[in-house]
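Engineer: This is input10.txt, which holds compact mmCIF, C-alpha atoms:
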# COMPACT_ATOMS: atom_id res chain seq x y z
CA MET E 1 -12.97 -28.47 -28.10
CA PHE E 2 -12.26 -32.19 -27.75
CA ASP E 3 -13.27 -35.03 -25.43
CA ARG E 4 -15.07 -34.32 -22.14
CA GLY E 5 -15.65 -30.67 -22.93
CA ILE E 6 -11.99 -29.73 -22.69
CA GLU E 7 -11.29 -26.40 -24.34
CA ILE E 8 -8.52 -26.14 -26.93
CA LYS E 9 -7.24 -22.64 -27.63
CA THR E 10 -5.96 -21.09 -30.85
CA PRO E 11 -2.53 -19.39 -30.85
CA ASP E 12 -4.22 -15.98 -30.69
CA GLN E 13 -6.24 -17.06 -27.68
CA ILE E 14 -3.12 -18.38 -25.97
CA ALA E 15 -1.50 -14.99 -26.66
CA SER E 16 -4.37 -13.31 -24.79
CA MET E 17 -3.86 -15.77 -21.95
CA ARG E 18 -0.21 -14.77 -21.90
CA SER E 19 -1.27 -11.14 -21.55
CA ALA E 20 -3.50 -12.07 -18.61
CA GLY E 21 -0.71 -14.21 -17.19
CA LEU E 22 1.73 -11.32 -17.26
CA VAL E 23 -0.73 -9.13 -15.35
CA VAL E 24 -0.94 -11.88 -12.72
CA ALA E 25 2.84 -12.33 -12.62
CA HIS E 26 3.53 -8.62 -12.17
CA THR E 27 0.82 -8.35 -9.52
CA LEU E 28 2.29 -11.23 -7.55
CA GLU E 29 5.78 -9.74 -7.74
CA LEU E 30 4.39 -6.49 -6.34
CA LEU E 31 2.70 -8.35 -3.49
CA ARG E 32 5.81 -10.44 -2.81
CA ARG E 33 7.64 -7.19 -2.06
CA GLU E 34 4.80 -5.72 0.00
CA ALA E 35 3.98 -8.77 2.15
CA ARG E 36 5.75 -7.71 5.32
CA ALA E 37 5.04 -7.39 9.02
CA GLY E 38 2.40 -4.77 9.84
CA VAL E 39 0.58 -4.99 6.49
CA THR E 40 -2.97 -6.33 6.48
CA THR E 41 -4.26 -8.86 3.97
CA GLY E 42 -6.87 -6.28 2.99
CA GLU E 43 -4.15 -3.76 2.14
CA LEU E 44 -2.49 -6.36 -0.10
CA ASP E 45 -5.84 -6.93 -1.79
CA ALA E 46 -6.25 -3.18 -2.43
CA MET E 47 -2.77 -3.03 -3.99
CA ALA E 48 -3.61 -5.97 -6.22
CA HIS E 49 -6.93 -4.47 -7.27
CA GLU E 50 -5.30 -1.17 -8.22
CA HIS E 51 -2.55 -2.90 -10.19
CA ILE E 52 -4.92 -5.21 -12.09
CA VAL E 53 -7.15 -2.30 -13.12
CA ALA E 54 -4.16 -0.12 -14.07
CA SER E 55 -2.94 -2.98 -16.28
CA GLY E 56 -6.16 -2.95 -18.29
CA ALA E 57 -7.38 -6.26 -16.89
CA THR E 58 -10.24 -7.36 -14.67
CA SER E 59 -10.27 -9.72 -11.71
CA ASN E 60 -11.61 -13.24 -12.07
CA PHE E 61 -11.67 -13.72 -8.27
CA LEU E 62 -13.86 -10.76 -7.28
CA ASN E 63 -17.47 -11.92 -6.80
CA TYR E 64 -16.53 -15.47 -7.83
CA GLY E 65 -19.23 -17.88 -6.70
CA ALA E 66 -21.86 -15.19 -6.23
CA HIS E 67 -25.48 -16.33 -6.39
CA GLY E 68 -28.98 -14.93 -6.03
CA PRO E 69 -30.41 -11.62 -7.31
CA SER E 70 -28.07 -9.51 -5.18
CA GLY E 71 -25.00 -11.63 -5.86
CA GLU E 72 -24.58 -12.78 -2.27
CA GLY E 73 -21.98 -15.33 -1.27
CA GLY E 74 -19.35 -14.27 -3.77
CA PHE E 75 -15.67 -13.90 -2.99
CA THR E 76 -14.98 -10.33 -1.86
CA GLY E 77 -11.33 -9.93 -2.88
CA VAL E 78 -9.20 -9.97 -6.00
CA ILE E 79 -6.66 -12.22 -4.28
CA CYS E 80 -6.83 -15.12 -1.84
CA THR E 81 -4.65 -14.55 1.22
CA SER E 82 -4.07 -17.78 3.15
CA VAL E 83 -1.86 -17.42 6.23
CA ASN E 84 0.03 -20.17 8.08
CA ASP E 85 -2.43 -23.09 8.56
CA GLU E 86 -4.79 -21.69 5.92
CA VAL E 87 -4.41 -23.75 2.76
CA VAL E 88 -6.40 -21.88 0.10
CA HIS E 89 -9.22 -19.36 -0.42
CA GLY E 90 -8.34 -17.14 2.52
CA MET E 91 -10.48 -14.00 2.43
CA PRO E 92 -8.49 -10.73 2.60
CA GLY E 93 -9.43 -8.40 5.43
CA SER E 94 -8.11 -6.96 8.68
CA ARG E 95 -5.58 -9.66 9.54
CA VAL E 96 -2.16 -8.13 10.19
CA LEU E 97 0.90 -10.03 9.00
CA ARG E 98 3.56 -10.72 11.61
CA ASP E 99 7.24 -11.65 11.39
CA GLY E 100 7.48 -15.41 11.02
CA ASP E 101 4.17 -15.84 9.16
CA ILE E 102 3.84 -17.35 5.72
CA ILE E 103 1.16 -16.21 3.31
CA SER E 104 -0.11 -17.85 0.15
CA ILE E 105 -1.30 -15.25 -2.34
CA ASP E 106 -3.46 -16.55 -5.18
CA CYS E 107 -4.26 -14.10 -7.99
CA GLY E 108 -6.10 -14.13 -11.29
CA ALA E 109 -6.85 -11.74 -14.13
CA ILE E 110 -8.82 -11.59 -17.37
CA VAL E 111 -7.69 -9.94 -20.62
CA ASP E 112 -9.99 -9.97 -23.67
CA GLY E 113 -12.07 -12.71 -22.04
CA TRP E 114 -9.11 -15.02 -21.35
CA HIS E 115 -7.88 -15.98 -17.90
CA GLY E 116 -4.61 -16.28 -16.01
CA ASP E 117 -4.20 -17.82 -12.54
CA ALA E 118 -1.14 -18.23 -10.31
CA ALA E 119 -0.09 -18.31 -6.66
CA ILE E 120 3.00 -17.80 -4.52
CA THR E 121 3.75 -18.47 -0.88
CA VAL E 122 5.87 -15.83 0.82
CA ALA E 123 7.73 -15.88 4.13
CA VAL E 124 7.19 -12.73 6.20
CA GLY E 125 10.55 -11.96 7.77
CA GLU E 126 12.54 -14.85 9.22
CA VAL E 127 10.97 -18.31 9.40
CA PRO E 128 12.30 -21.63 10.78
CA ASP E 129 14.28 -23.92 8.51
CA GLU E 130 11.42 -26.41 8.34
CA ILE E 131 9.17 -23.71 6.88
CA THR E 132 11.80 -22.70 4.33
CA ALA E 133 12.07 -26.37 3.36
CA LEU E 134 8.27 -26.64 3.03
CA LEU E 135 8.16 -23.67 0.68
CA GLN E 136 11.00 -25.10 -1.41
CA ALA E 137 9.42 -28.55 -1.57
CA THR E 138 6.13 -27.07 -2.78
CA GLU E 139 7.81 -24.90 -5.41
CA ASP E 140 9.91 -27.83 -6.64
CA ALA E 141 6.83 -30.06 -6.86
CA MET E 142 5.00 -27.54 -9.04
CA TRP E 143 7.93 -27.32 -11.45
CA ALA E 144 8.32 -31.10 -11.45
CA GLY E 145 4.70 -31.38 -12.54
CA ILE E 146 5.09 -28.80 -15.29
CA ALA E 147 8.31 -30.45 -16.47
CA ALA E 148 6.56 -33.82 -16.73
CA ALA E 149 4.06 -32.48 -19.25
CA ALA E 150 4.68 -33.27 -22.91
CA LEU E 151 2.56 -33.42 -26.03
CA GLY E 152 0.97 -36.85 -26.27
CA GLY E 153 1.29 -37.43 -22.54
CA ARG E 154 -1.46 -37.47 -19.95
CA VAL E 155 -2.56 -35.32 -17.04
CA GLY E 156 -1.62 -38.19 -14.74
CA ASP E 157 2.02 -37.66 -15.70
CA ILE E 158 1.83 -34.22 -14.07
CA SER E 159 0.05 -35.52 -10.99
CA HIS E 160 2.49 -38.39 -10.50
CA ALA E 161 5.49 -36.07 -10.85
CA ILE E 162 4.11 -33.69 -8.22
CA GLU E 163 3.47 -36.51 -5.77
CA THR E 164 6.86 -38.10 -6.39
CA SER E 165 8.63 -34.78 -5.82
CA VAL E 166 6.81 -34.11 -2.54
CA VAL E 167 7.43 -37.62 -1.20
CA ALA E 168 11.12 -37.40 -2.07
CA ALA E 169 11.43 -34.04 -0.28
CA GLY E 170 10.31 -35.24 3.14
CA ASP E 171 7.44 -36.24 5.39
CA TYR E 172 4.83 -33.83 4.06
CA GLY E 173 1.10 -34.00 3.58
CA ILE E 174 -0.44 -33.53 0.14
CA VAL E 175 -3.88 -31.89 0.07
CA GLU E 176 -5.99 -34.12 -2.14
CA GLY E 177 -9.34 -32.34 -1.90
CA TYR E 178 -8.28 -29.41 -4.09
CA THR E 179 -6.65 -29.69 -7.49
CA GLY E 180 -5.21 -27.83 -10.42
CA HIS E 181 -7.48 -27.36 -13.40
CA GLY E 182 -7.95 -26.47 -17.00
CA ILE E 183 -8.19 -22.77 -17.73
CA GLY E 184 -9.06 -20.54 -20.68
CA SER E 185 -12.31 -18.69 -21.36
CA ALA E 186 -13.22 -19.54 -17.75
CA MET E 187 -10.95 -19.75 -14.73
CA HIS E 188 -11.92 -23.30 -13.80
CA GLN E 189 -12.46 -25.83 -16.56
CA PRO E 190 -11.90 -29.53 -17.12
CA PRO E 191 -9.70 -31.40 -16.72
CA ASP E 192 -8.85 -31.53 -13.01
CA VAL E 193 -5.12 -31.82 -12.31
CA PRO E 194 -4.72 -33.68 -8.99
CA ASN E 195 -1.51 -33.38 -6.98
CA TYR E 196 -1.15 -37.15 -6.74
CA GLY E 197 -1.83 -40.10 -9.02
CA ARG E 198 -0.60 -42.59 -11.54
CA PRO E 199 1.17 -41.72 -14.79
CA ARG E 200 -0.36 -42.31 -18.20
CA ARG E 201 -3.87 -41.68 -16.88
CA GLY E 202 -6.35 -38.89 -17.52
CA ALA E 203 -6.86 -36.43 -20.33
CA LYS E 204 -4.36 -36.32 -23.17
CA LEU E 205 -1.95 -33.38 -23.31
CA VAL E 206 -2.33 -31.65 -26.67
CA GLU E 207 -1.36 -28.34 -28.20
CA GLY E 208 -3.80 -25.58 -27.24
CA LEU E 209 -4.64 -27.08 -23.85
CA ALA E 210 -3.85 -24.76 -20.91
CA LEU E 211 -3.56 -26.03 -17.35
CA ALA E 212 -3.09 -24.47 -13.92
CA VAL E 213 -0.85 -26.65 -11.76
CA GLU E 214 -1.05 -25.94 -8.01
CA PRO E 215 0.32 -28.25 -5.33
CA MET E 216 -0.79 -27.64 -1.73
CA VAL E 217 1.63 -29.19 0.74
CA THR E 218 1.51 -29.28 4.55
CA LEU E 219 3.79 -30.04 7.49
CA GLY E 220 1.14 -32.49 8.76
CA THR E 221 -1.57 -34.47 7.08
CA GLY E 222 -3.43 -33.41 3.97
CA SER E 223 -6.76 -33.28 5.78
CA THR E 224 -8.65 -29.95 5.61
CA ARG E 225 -11.84 -28.23 6.75
CA THR E 226 -13.61 -25.04 5.67
CA LEU E 227 -14.19 -22.18 8.12
CA ALA E 228 -17.50 -20.50 8.84
CA ASP E 229 -16.94 -17.89 6.10
CA ASP E 230 -17.53 -20.77 3.62
CA TRP E 231 -14.29 -19.90 1.83
CA THR E 232 -11.16 -20.26 3.95
CA VAL E 233 -9.75 -23.80 3.92
CA VAL E 234 -7.46 -24.74 6.84
CA THR E 235 -5.55 -27.86 7.80
CA THR E 236 -7.48 -30.06 10.21
CA ASP E 237 -4.42 -30.60 12.43
CA GLY E 238 -3.31 -26.95 12.46
CA SER E 239 -0.12 -27.65 10.52
CA TRP E 240 1.20 -24.93 8.24
CA SER E 241 0.68 -25.16 4.51
CA ALA E 242 2.25 -23.83 1.31
CA HIS E 243 0.55 -23.34 -2.06
CA VAL E 244 2.06 -22.33 -5.39
CA GLU E 245 0.56 -22.25 -8.87
CA ASN E 246 1.34 -21.44 -12.49
CA THR E 247 -0.67 -21.58 -15.70
CA PHE E 248 1.11 -23.21 -18.64
CA THR E 249 0.56 -24.56 -22.12
CA LEU E 250 2.41 -26.83 -24.54
CA THR E 251 3.46 -25.72 -28.01
CA ASP E 252 5.13 -27.61 -30.83
CA THR E 253 8.50 -26.40 -29.55
CA GLY E 254 8.09 -26.96 -25.82
CA THR E 255 6.53 -25.66 -22.61
CA TRP E 256 5.35 -22.08 -22.05
CA VAL E 257 4.52 -20.93 -18.52
CA LEU E 258 2.01 -18.16 -19.16
CA THR E 259 2.07 -16.72 -15.63
CA SER E 260 5.86 -16.56 -15.28
CA LEU E 261 7.59 -13.29 -16.17
CA ASP E 262 10.18 -15.09 -18.31
CA GLY E 263 7.69 -17.69 -19.54
CA GLY E 264 9.41 -20.26 -17.34
CA ARG E 265 12.51 -20.18 -19.51
CA GLU E 266 15.09 -20.21 -16.70
CA ARG E 267 13.52 -22.91 -14.55
CA LEU E 268 12.63 -25.09 -17.53
CA ALA E 269 16.21 -24.88 -18.81
CA ALA E 270 17.49 -26.05 -15.42
CA LEU E 271 15.15 -29.03 -15.68
CA GLY E 272 16.16 -29.84 -19.26
CA VAL E 273 12.72 -28.97 -20.66
CA PRO E 274 12.44 -27.22 -24.07
CA TYR E 275 11.00 -23.71 -23.90
CA GLY E 276 7.95 -23.18 -26.07
CA GLY E 277 7.22 -19.48 -25.70
CA ASP E 278 7.53 -16.69 -28.20
Please lay out the structure from this file as structure tokens.
Structural biologist:
Amino acid sequence: MFDRGIEIKTPDQIASMRSAGLVVAHTLELLRREARAGVTTGELDAMAHEHIVASGATSNFLNYGAHGPSGEGGFTGVICTSVNDEVVHGMPGSRVLRDGDIISIDCGAIVDGWHGDAAITVAVGEVPDEITALLQATEDAMWAGIAAAALGGRVGDISHAIETSVVAAGDYGIVEGYTGHGIGSAMHQPPDVPNYGRPRRGAKLVEGLALAVEPMVTLGTGSTRTLADDWTVVTTDGSWSAHVENTFTLTDTGTWVLTSLDGGRERLAALGVPYGGD
């Protein structure tokens, strides 16, 4: 541990996080293929649950936030399924995907007590060019944030890079009320990783720190509200939203994206960032 209760992992603990990250990555690739018209969000959740269990992992989303003697109020899925104007925390259920929808799928897993967390946004069938551009802008912003991280830097470097990337891409809204986060022996830990901000601010980036970076970008404003289920967050103006996420760490040789199948090697190389995986 170091300042403000931030958890620093050993190499062995990071290796366990990589195992959890690979379960998440493979699960998301499965769901990317299966997210098509006619499939319900509940069916996607069942596929994810089966795959996570078959991989020897457990879900860190299922029953998250439960309280009281009977565990009421907890999240009922192993993935979040947020469709169109839903930003994050969409509850899987009977909703049927249609051609032209987009769906953000957020997934997590635990291996040996260590967590992985990542998200993708998938187009269902054909979508308008402006939606394709939104998805690309969000993906690019996430990688810009990861690429801005370096040992000795600050969390604000990540936040500033995300914001700069989104602003350069077009007239998009950045959701400010929800952030990336530290991750390790719990899914959500300090420090917060906002999707906007000034460089050279915030917690120091050191070896053994793991962060989940997750921009949420909209076609309108960044204003949101929570639906009556107390989970699903939607845009206030009804504009569509994209959300992507990866968990990464910094080693003495570079950056290692723990929830990417190739560790982030290909995308990091394109950005001129040293790869720090095994």
Engineer: How close does region 164-218 of chain E get to region 132-151 of chain E? List, as CSV, each residue of region 164-218 of chain E within 8 Å, its nearest atom pair and the distance in Å to one decimal, counting only C-alpha atoms.
Structural biologist:
residue,atom,partner,partner_atom,distance
E:Ser165,CA,E:Ala141,CA,5.2
E:Val166,CA,E:Ala141,CA,5.9
E:Ala169,CA,E:Ala137,CA,6.0
E:Leu205,CA,E:Leu151,CA,5.3
E:Val206,CA,E:Leu151,CA,5.2
E:Glu207,CA,E:Leu151,CA,6.8
E:Val213,CA,E:Met142,CA,6.5
E:Glu214,CA,E:Met142,CA,6.3
E:Pro215,CA,E:Met142,CA,6.0
E:Met216,CA,E:Thr138,CA,7.0
E:Val217,CA,E:Thr138,CA,6.1
E:Thr218,CA,E:Leu134,CA,7.4
Engineer: Determine, counting all atoms listed in the file, which protein, DNA and RNA residues have an atom within 12 Å of an atom of Thr41 (chain E); residues of the same chain fewer than 5 positions away are not included. Present the result as a list in words.
Structural biologist: Leu31, Glu34, Ala35, Arg36, Ala46, Met47, Ala48, Gly77, Val78, Ile79, Cys80, Thr81, Ser82, Val83, Gly90, Met91, Pro92, Gly93, Ser94, Arg95, Val96, Leu97, Arg98, Ile102, Ile103, Ser104, Ile105 and Asp106 of chain E
Engineer: May I have the centre and edge lengths, in Å to one decimal, of an axis-aligned box around the listed atoms of region 179-192 of chain E with 6 Å added to every side, as JSON?
Structural biologist:
{"center_x": -9.2, "center_y": -25.1, "center_z": -14.4, "size_x": 20.0, "size_y": 24.8, "size_z": 25.9}
Engineer: Can you work out which one of E:His188, E:His160, E:Arg200, E:His26 has the shortest atom-to-atom distance to Phe61 (chain E), counting all atoms listed in the file?
Structural biologist: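 Closest candidate: E:His188.
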Engineer: Determine, counting all atoms listed in the file, which protein, DNA and RNA residues have an atom within 9 Å of an atom of Asn60 (chain E); residues of the same chain fewer than 3 positions away are not included. Present the result as a list in words.
Structural biologist: Asn63, Tyr64, Val78, Cys107, Gly108, Ala109, Ile110, His115, Gly116, Asp117, Ala186 and Met187 of chain E
Engineer: Just give me the gap between CA of Thr251 (chain E) and CA of Ile52 (chain E) in Å, one decimal is fine.
Structural biologist: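 It comes out at 27.3 Å.
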Engineer: Between E:Leu30, E:Ala57, E:Val24, E:Leu219, which one has atoms that come closest to Tyr172 (chain E), using all atoms listed in the file?
Structural biologist: E:Leu219
Engineer: So which residues fall inside 7 Å of (-4.6, -22.3, -22.1) if we count all atoms listed in the file? Mind giving them as a compact mmCIF listing (two decimals) with C-alpha atoms, in the frame of the given file?
Structural biologist:
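After the write, part17.txt holds the following:
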# COMPACT_ATOMS: atom_id res chain seq x y z
CA LYS E 9 -7.24 -22.64 -27.63
CA ILE E 14 -3.12 -18.38 -25.97
CA MET E 17 -3.86 -15.77 -21.95
CA ILE E 183 -8.19 -22.77 -17.73
CA GLY E 184 -9.06 -20.54 -20.68
CA GLY E 208 -3.80 -25.58 -27.24
CA LEU E 209 -4.64 -27.08 -23.85
CA ALA E 210 -3.85 -24.76 -20.91
CA LEU E 211 -3.56 -26.03 -17.35
CA PHE E 248 1.11 -23.21 -18.64
CA THR E 249 0.56 -24.56 -22.12
Engineer: One decimal, in Å: what's the spacing between CA of Trp256 (chain E) and CA of His89 (chain E)?
Structural biologist: 26.2 Å
Engineer: For Asp85 (chain E), which of E:Gly272, E:Pro191, E:Gly173, E:Gly238 is the closest residue, counting only C-alpha atoms?
Structural biologist: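 Closest residue, counting only C-alpha atoms: E:Gly238.
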